[in-house]
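Text of entry.txt, listed as compact mmCIF, C-alpha atoms and all ligand atoms:
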# COMPACT_ATOMS: atom_id res chain seq x y z
CA MET P 1 0.00 0.00 0.00
CA SER P 2 1.45 3.36 -1.01
CA ILE P 3 2.20 5.77 1.82
CA LYS P 4 0.12 8.34 -0.09
CA ASP P 5 -2.92 6.19 0.53
CA ARG P 6 -2.59 5.84 4.27
CA PRO P 7 -1.30 7.89 7.22
CA TYR P 8 2.34 7.58 8.31
CA ILE P 9 2.08 5.37 11.38
CA ILE P 10 4.02 5.71 14.61
CA CYS P 11 3.45 3.08 17.29
CA LEU P 12 3.95 4.41 20.83
CA MET P 13 4.03 1.91 23.70
CA MET P 14 5.47 1.70 27.19
CA THR P 15 6.84 -1.62 28.37
CA SER P 16 8.59 -3.24 31.29
CA VAL P 17 12.13 -4.50 30.63
CA ASP P 18 10.56 -7.87 29.84
CA GLY P 19 8.30 -6.36 27.16
CA LYS P 20 5.03 -6.51 29.10
CA ILE P 21 2.42 -3.80 28.60
CA LEU P 22 -0.24 -4.20 31.30
CA GLY P 23 0.30 -1.33 33.73
CA GLU P 24 -2.32 -2.61 36.16
CA ASN P 25 0.09 -5.42 37.08
CA TRP P 26 2.68 -2.92 38.25
CA GLY P 27 0.81 -1.63 41.32
CA ASP P 28 0.15 1.97 42.29
CA ARG P 29 3.12 3.02 44.38
CA PRO P 30 3.96 6.67 43.60
CA GLU P 31 7.09 5.64 41.63
CA MET P 32 4.99 3.33 39.46
CA VAL P 33 2.37 6.01 38.87
CA THR P 34 5.12 8.43 37.82
CA LEU P 35 6.42 5.84 35.35
CA LYS P 36 2.97 5.03 33.96
CA ASN P 37 2.37 8.76 33.37
CA LYS P 38 5.30 8.83 30.94
CA PHE P 39 3.04 7.51 28.18
CA GLU P 40 0.76 10.55 28.18
CA GLN P 41 3.73 12.88 28.59
CA ILE P 42 5.51 11.53 25.51
CA HIS P 43 2.25 11.28 23.55
CA ASN P 44 1.80 15.02 24.13
CA GLN P 45 5.43 15.74 23.36
CA ILE P 46 5.24 13.95 19.99
CA GLY P 47 2.12 16.02 19.38
CA ILE P 48 0.44 14.08 16.55
CA LYS P 49 -3.25 14.89 16.53
CA ALA P 50 -4.72 11.48 15.67
CA TRP P 51 -4.50 8.30 17.74
CA ILE P 52 -5.94 4.83 17.29
CA VAL P 53 -6.45 2.00 19.79
CA GLY P 54 -8.13 -1.41 19.83
CA ARG P 55 -11.61 -1.99 21.22
CA THR P 56 -10.20 -3.52 24.42
CA THR P 57 -7.91 -0.58 25.19
CA MET P 58 -10.64 1.96 24.39
CA GLU P 59 -13.16 0.37 26.74
CA LYS P 60 -10.67 -0.25 29.52
CA ASP P 61 -8.75 3.02 29.49
CA PHE P 62 -11.27 5.49 28.00
CA THR P 63 -14.97 4.55 27.82
CA ASP P 64 -15.01 2.71 31.16
CA TYR P 65 -16.73 -0.39 29.76
CA THR P 66 -19.90 1.54 28.84
CA LYS P 67 -22.24 -0.82 27.01
CA PRO P 68 -23.31 -0.02 23.44
CA ILE P 69 -26.17 2.44 23.32
CA LEU P 70 -28.91 1.70 20.78
CA LYS P 71 -31.45 4.10 19.31
CA LYS P 72 -34.48 2.70 17.59
CA ALA P 73 -34.03 3.49 13.91
CA ASP P 74 -37.27 4.41 12.14
CA HIS P 75 -35.78 3.45 8.78
CA GLN P 76 -33.03 1.20 7.47
CA ILE P 77 -29.59 2.82 7.68
CA ASP P 78 -27.31 2.30 4.70
CA ARG P 79 -23.68 1.22 5.18
CA ASN P 80 -22.18 4.49 3.96
CA ASP P 81 -19.34 6.11 5.88
CA TYR P 82 -20.45 8.98 8.11
CA VAL P 83 -18.18 12.00 8.54
CA ALA P 84 -19.83 13.91 11.33
CA ALA P 85 -17.45 16.72 12.27
CA HIS P 86 -16.24 18.38 9.09
CA GLY P 87 -13.10 20.30 9.86
CA ALA P 88 -12.17 18.46 13.09
CA GLN P 89 -8.45 18.86 13.75
CA SER P 90 -7.77 16.01 16.18
CA PHE P 91 -9.08 12.46 16.31
CA ALA P 92 -9.58 9.58 18.76
CA ILE P 93 -10.06 6.43 16.68
CA ALA P 94 -11.24 2.96 17.71
CA LEU P 95 -11.05 -0.36 15.88
CA ASP P 96 -14.37 -1.89 16.86
CA GLY P 97 -15.62 -4.17 14.09
CA LYS P 98 -18.56 -5.55 16.06
CA GLY P 99 -19.75 -2.26 17.55
CA LYS P 100 -19.14 -3.17 21.18
CA LEU P 101 -18.11 0.26 22.47
CA GLY P 102 -20.63 2.48 24.21
CA TRP P 103 -20.17 6.09 23.08
CA GLU P 104 -21.83 8.84 25.12
CA SER P 105 -20.18 11.76 23.37
CA ALA P 106 -18.50 12.50 20.04
CA GLU P 107 -15.35 13.66 21.82
CA MET P 108 -12.76 11.69 23.77
CA GLU P 109 -10.23 13.79 25.67
CA GLY P 110 -11.05 16.71 23.36
CA ASP P 111 -10.56 14.73 20.14
CA HIS P 112 -13.31 13.91 17.62
CA VAL P 113 -14.28 10.23 17.78
CA ILE P 114 -14.09 8.06 14.66
CA THR P 115 -15.05 4.43 15.07
CA ILE P 116 -14.07 1.79 12.54
CA LEU P 117 -16.82 -0.76 12.05
CA THR P 118 -17.78 -3.68 9.85
CA GLU P 119 -21.08 -3.83 8.02
CA ARG P 120 -22.43 -6.38 10.50
CA VAL P 121 -23.28 -3.78 13.18
CA GLU P 122 -26.92 -3.13 13.97
CA ASP P 123 -28.87 -0.22 12.50
CA ALA P 124 -29.78 0.91 16.01
CA TYR P 125 -26.08 1.22 16.87
CA LEU P 126 -25.48 3.44 13.84
CA ALA P 127 -28.58 5.51 14.62
CA HIS P 128 -27.17 6.35 18.04
CA LEU P 129 -23.73 7.27 16.65
CA LYS P 130 -25.36 9.59 14.12
CA ASP P 131 -27.51 11.08 16.85
CA ILE P 132 -24.54 12.08 18.99
CA GLY P 133 -22.26 12.97 16.05
CA VAL P 134 -19.65 10.19 16.24
CA SER P 135 -18.05 9.60 12.82
CA TYR P 136 -17.94 6.04 11.56
CA ILE P 137 -16.35 4.25 8.65
CA PHE P 138 -16.86 0.75 7.32
CA ALA P 139 -13.84 -1.41 6.65
CA GLY P 140 -15.06 -4.87 5.73
CA SER P 141 -18.29 -6.83 5.82
CA ASP P 142 -17.44 -9.12 8.74
CA GLU P 143 -13.80 -8.59 9.75
CA ILE P 144 -11.86 -5.32 9.74
CA GLU P 145 -9.62 -4.77 6.72
CA LEU P 146 -6.93 -2.46 8.02
CA LYS P 147 -5.85 -1.12 4.64
CA THR P 148 -9.40 -0.06 3.80
CA ALA P 149 -9.68 1.66 7.18
CA LEU P 150 -6.37 3.49 6.74
CA TYR P 151 -7.22 4.59 3.19
CA LYS P 152 -10.42 6.15 4.49
CA LEU P 153 -8.72 7.85 7.44
CA ARG P 154 -6.34 9.49 5.00
CA HIS P 155 -8.83 10.42 2.31
CA LEU P 156 -12.04 11.17 4.24
CA PHE P 157 -10.44 12.88 7.24
CA GLY P 158 -7.09 14.04 5.83
CA ILE P 159 -5.11 12.20 8.53
CA GLU P 160 -1.47 12.17 7.41
CA LYS P 161 0.12 10.98 10.64
CA LEU P 162 -1.36 8.54 13.09
CA MET P 163 -0.29 7.32 16.52
CA LEU P 164 -0.92 3.60 16.98
CA GLU P 165 -1.26 3.18 20.75
CA GLY P 166 -2.09 -0.44 21.51
CA GLY P 167 -2.87 -2.83 22.81
CA ALA P 168 -0.94 -5.91 21.86
CA ARG P 169 -3.46 -7.27 19.39
CA ILE P 170 -3.98 -4.22 17.23
CA ASN P 171 -0.24 -3.55 17.26
CA GLY P 172 0.26 -7.16 16.12
CA SER P 173 -2.25 -6.83 13.28
CA PHE P 174 -0.61 -3.65 11.98
CA LEU P 175 2.83 -5.28 12.21
CA ASN P 176 1.68 -8.41 10.41
CA GLU P 177 0.49 -6.27 7.50
CA GLU P 178 3.70 -4.18 7.54
CA LEU P 179 1.76 -1.00 8.28
CA ILE P 180 3.92 0.51 11.04
CA ASP P 181 6.60 3.03 10.06
CA GLU P 182 8.16 3.82 13.44
CA LEU P 183 8.16 2.33 16.91
CA HIS P 184 8.63 4.57 19.94
CA GLN P 185 9.14 2.27 22.89
CA LEU P 186 9.30 3.72 26.38
CA LEU P 187 11.36 1.16 28.24
CA LEU P 188 10.44 1.56 31.91
CA PRO P 189 12.73 0.35 34.70
CA ILE P 190 10.21 -2.28 35.77
CA ALA P 191 10.57 -6.06 35.82
CA ASP P 192 7.07 -7.50 35.37
CA GLY P 193 7.70 -11.24 35.64
CA THR P 194 4.16 -12.46 34.99
CA THR P 195 3.88 -15.26 32.45
CA ALA P 196 0.44 -14.73 30.97
CA THR P 197 0.23 -11.00 30.28
CA SER P 198 0.41 -9.20 26.97
CA THR P 199 3.59 -8.07 25.25
CA LEU P 200 4.10 -5.24 22.79
CA PHE P 201 3.03 -7.18 19.68
CA GLU P 202 0.75 -10.20 19.61
CA ILE P 203 -0.31 -11.82 16.35
CA ASP P 204 -2.82 -14.63 16.06
CA GLU P 205 -0.96 -17.87 15.15
CA ALA P 206 -3.43 -18.50 12.35
CA ILE P 207 -2.47 -15.36 10.42
CA LYS P 208 1.10 -14.67 11.55
CA LYS P 209 3.59 -14.40 8.70
CA GLU P 210 6.68 -16.57 9.04
CA GLY P 211 9.73 -15.18 10.84
CA ALA P 212 10.24 -11.93 12.70
CA THR P 213 10.67 -8.32 11.60
CA LEU P 214 13.98 -6.50 11.75
CA LEU P 215 14.10 -2.98 13.10
CA LYS P 216 16.63 -0.22 12.68
CA LEU P 217 17.51 1.72 15.82
CA GLU P 218 17.19 5.43 15.05
CA ASN P 219 17.51 7.07 18.43
CA VAL P 220 18.12 6.33 22.11
CA LYS P 221 17.20 8.96 24.65
CA GLN P 222 17.39 8.64 28.39
CA ILE P 223 14.62 10.68 29.98
CA GLU P 224 13.76 11.30 33.64
CA ASP P 225 13.23 8.46 36.10
CA ASP P 226 15.53 5.98 34.30
CA VAL P 227 13.24 5.65 31.29
CA LEU P 228 14.68 4.95 27.86
CA TRP P 229 12.86 6.37 24.85
CA LEU P 230 13.87 4.10 21.98
CA THR P 231 12.99 5.00 18.39
CA TYR P 232 13.10 2.38 15.63
CA LYS P 233 12.15 2.17 11.98
CA PHE P 234 10.92 -1.07 10.45
CA LYS P 235 12.88 -3.04 7.87
CA TYR P 236 10.16 -5.11 6.24
CA SER P 237 11.29 -7.86 3.92
CA SER P 238 8.85 -7.07 1.07
N1 LIG F 301 1.68 -0.29 27.86
C1 LIG F 301 1.10 0.46 26.96
O1 LIG F 301 1.72 1.39 26.41
C2 LIG F 301 -0.33 0.18 26.55
C3 LIG F 301 -0.89 0.95 25.53
C4 LIG F 301 -2.19 0.63 25.13
C5 LIG F 301 -2.89 -0.41 25.74
N2 LIG F 301 -2.32 -1.10 26.73
C6 LIG F 301 -3.07 -2.19 27.38
O2 LIG F 301 -3.30 -3.22 26.43
C7 LIG F 301 -4.45 -3.97 26.87
C8 LIG F 301 -5.33 -4.32 25.70
O3 LIG F 301 -4.61 -4.98 24.70
P1 LIG F 301 -5.27 -6.18 23.87
O4 LIG F 301 -4.22 -6.72 23.02
O5 LIG F 301 -6.00 -7.07 24.81
O6 LIG F 301 -6.42 -5.47 23.02
P2 LIG F 301 -6.43 -4.28 21.92
O7 LIG F 301 -5.36 -4.47 20.92
O8 LIG F 301 -6.56 -2.97 22.61
O9 LIG F 301 -7.85 -4.55 21.23
C9 LIG F 301 -8.09 -5.75 20.54
C10 LIG F 301 -9.49 -5.74 20.02
O10 LIG F 301 -9.64 -4.77 18.98
C11 LIG F 301 -10.58 -5.25 18.03
N3 LIG F 301 -10.01 -5.32 16.68
C12 LIG F 301 -10.65 -4.94 15.55
N4 LIG F 301 -9.92 -5.17 14.47
C13 LIG F 301 -8.77 -5.70 14.89
C14 LIG F 301 -7.61 -6.15 14.22
N5 LIG F 301 -7.47 -6.06 12.88
N6 LIG F 301 -6.61 -6.65 14.95
C15 LIG F 301 -6.71 -6.72 16.30
N7 LIG F 301 -7.79 -6.31 16.99
C16 LIG F 301 -8.82 -5.80 16.29
C17 LIG F 301 -11.02 -6.65 18.49
O11 LIG F 301 -12.20 -6.44 19.22
P3 LIG F 301 -13.42 -7.51 19.17
O12 LIG F 301 -12.94 -8.64 20.01
O13 LIG F 301 -14.55 -6.77 19.75
O14 LIG F 301 -13.60 -7.86 17.72
C18 LIG F 301 -9.89 -7.07 19.40
O15 LIG F 301 -10.29 -8.00 20.36
C19 LIG F 301 -5.17 -3.10 27.88
O16 LIG F 301 -5.01 -3.70 29.14
C20 LIG F 301 -4.45 -1.78 27.82
O17 LIG F 301 -4.42 -1.10 29.06
C21 LIG F 301 -1.05 -0.84 27.15
If you took the structure in this file and wrote it as structure tokens, what would it be?
Amino acid sequence: MSIKDRPYIICLMMTSVDGKILGENWGDRPEMVTLKNKFEQIHNQIGIKAWIVGRTTMEKDFTDYTKPILKKADHQIDRNDYVAAHGAQSFAIALDGKGKLGWESAEMEGDHVITILTERVEDAYLAHLKDIGVSYIFAGSDEIELKTALYKLRHLFGIEKLMLEGGARINGSFLNEELIDELHQLLLPIADGTTATSTLFEIDEAIKKEGATLLKLENVKQIEDDVLWLTYKFKYSS
């Protein structure tokens, strides 16, 4: 896919030294809280005005597990993309093919919400989104096709740069399709040690391409509190 047809994609993640990403396993001692706050700090410092997360991250860290809100539709709603806020300058984007997220407002942390759906979602779900002014795009009939979604983010909303901000599964899907341009890893001085929790990239065995991806280290910066800010570019084989 040509870079002109999708946003330039920067993945930002914070990890323990053992590559784990679930901050809730790290406790809430003041030092841990300070470390966990680095994510937001560096997000703001990078300053890109569009960010995308998976359904799980959005409901856990942003919408507080709100259930989908349905509005009785008095007519059938077609599966055309809906650009609600013409001229919005910043975007909070969710990958939510089945329409599981409950949206109560068209803004998240001051950014206009775009949700990426498949055509399988109910009319009543779309009616509610339209009612509150959440933008939605369709990217696939049953499963999300990332390239379709990214093409639309670029061409319908003019998004040229996008922050990919987890979790493990959406990062893994983008990696598997060679759609990440840069990785910014905040390596926190934390040893997690759990065996079952998520790591930075997780790709379903059934779809994972053979082998691993090489990266090129572009920058190493030590920031406050013993955190390393590592910047890589991807060296895809194709
Ligand atoms: N350390 C960090 O920097 C950081 C950053 C962000 C998040 N996190 C943490 O990561 C955890 C969540 O990670 P996660 O891996 O469980 O979930 P995730 O990547 O946030 O979301 C995965 C979900 O997104 C939906 N999805 C739609 N299209 C997809 C596609 N092409 N590929 C993958 N997913 C797609 C699916 O929802 P359906 O099942 O509904 O289809 C899927 O289950 C949270 O605990 C969060 O706090 C950590």
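Take the candidates P:Leu146, P:Ala139, P:Ala50, P:Val220 and check each one against ligand LIG 301 (chain F) using only C-alpha atoms and all ligand atoms; the shortest distance goes to P:Leu146.
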Can you pull out every residue within 12 Å of Asp226 (chain P), counting all atoms listed in the file, but drop anything in the same chain fewer than 2 positions away, and send it as a ChimeraX atom specification? /P:16-17,31,34-35,38,186-190,221-224,228-229
Per-residue nearest contacts region 99-176 of chain P to region 192-199 of chain P, cut-off 10 Å, using only C-alpha atoms, as JSON lines:
{"residue": "P:Gly167", "atom": "CA", "partner": "P:Ser198", "partner_atom": "CA", "distance": 8.3}
{"residue": "P:Ala168", "atom": "CA", "partner": "P:Thr199", "partner_atom": "CA", "distance": 6.1}
{"residue": "P:Arg169", "atom": "CA", "partner": "P:Ser198", "partner_atom": "CA", "distance": 8.7}
{"residue": "P:Asn171", "atom": "CA", "partner": "P:Thr199", "partner_atom": "CA", "distance": 9.9}
{"residue": "P:Gly172", "atom": "CA", "partner": "P:Thr199", "partner_atom": "CA", "distance": 9.8}
Export C-alpha atoms of the chosen residues as a tab-separated table (two decimals), in the frame of the given file?
chain	number	residue	atom	x	y	z
P	167	GLY	CA	-2.87	-2.83	22.81
P	168	ALA	CA	-0.94	-5.91	21.86
P	169	ARG	CA	-3.46	-7.27	19.39
P	171	ASN	CA	-0.24	-3.55	17.26
P	172	GLY	CA	0.26	-7.16	16.12
Which centre and which edge lengths, in Å to one decimal, describe the axis-aligned box that holds all listed atoms of ligand LIG 301 (chain F) after 3 Å is added on each side, as AutoDock Vina command-line options?
--center_x -6.4 --center_y -3.6 --center_z 21.0 --size_x 22.3 --size_y 16.0 --size_z 22.3
Quick one: everything within 10 Å of region 176-178 of chain P, counting all atoms listed in the file, minus sequence neighbours fewer than 3 positions away in the same chain. Send it as a ChimeraX atom specification. /P:1,146-147,170-173,181,201-204,207-210,212-213,234-238
So which residues touch Leu230 (chain P) within 6 Å, counting all atoms listed in the file, skipping near sequence neighbours fewer than 6 positions away, as a list of chain:residue names?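 Once the adjacent positions are removed, what remains is P:His184, P:Gln185, P:Asn219, P:Val220.
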So which residues touch region 96-98 of chain P within 8 Å, counting only C-alpha atoms, skipping near sequence neighbours fewer than 2 positions away, as an MDAnalysis selection string? chainID P and resid 54:55 94 100:101 115:118 120:121 142:144
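Taking atom C2 of ligand LIG 301 (chain F) as the reference point, CA of Val53 (chain P) is found at 9.3 Å.
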From the set P:Ile159, P:Ile132, P:Leu164, P:Ala84, which residue has the shortest atom-to-atom contact distance to ligand LIG 301 (chain F), counting only C-alpha atoms and all ligand atoms?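 Closest candidate: P:Leu164.
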Between CA of Ile77 (chain P) and CA of Asp123 (chain P) - distance in Å to one decimal: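 Distance reported for this atom pair: 5.7 Å.
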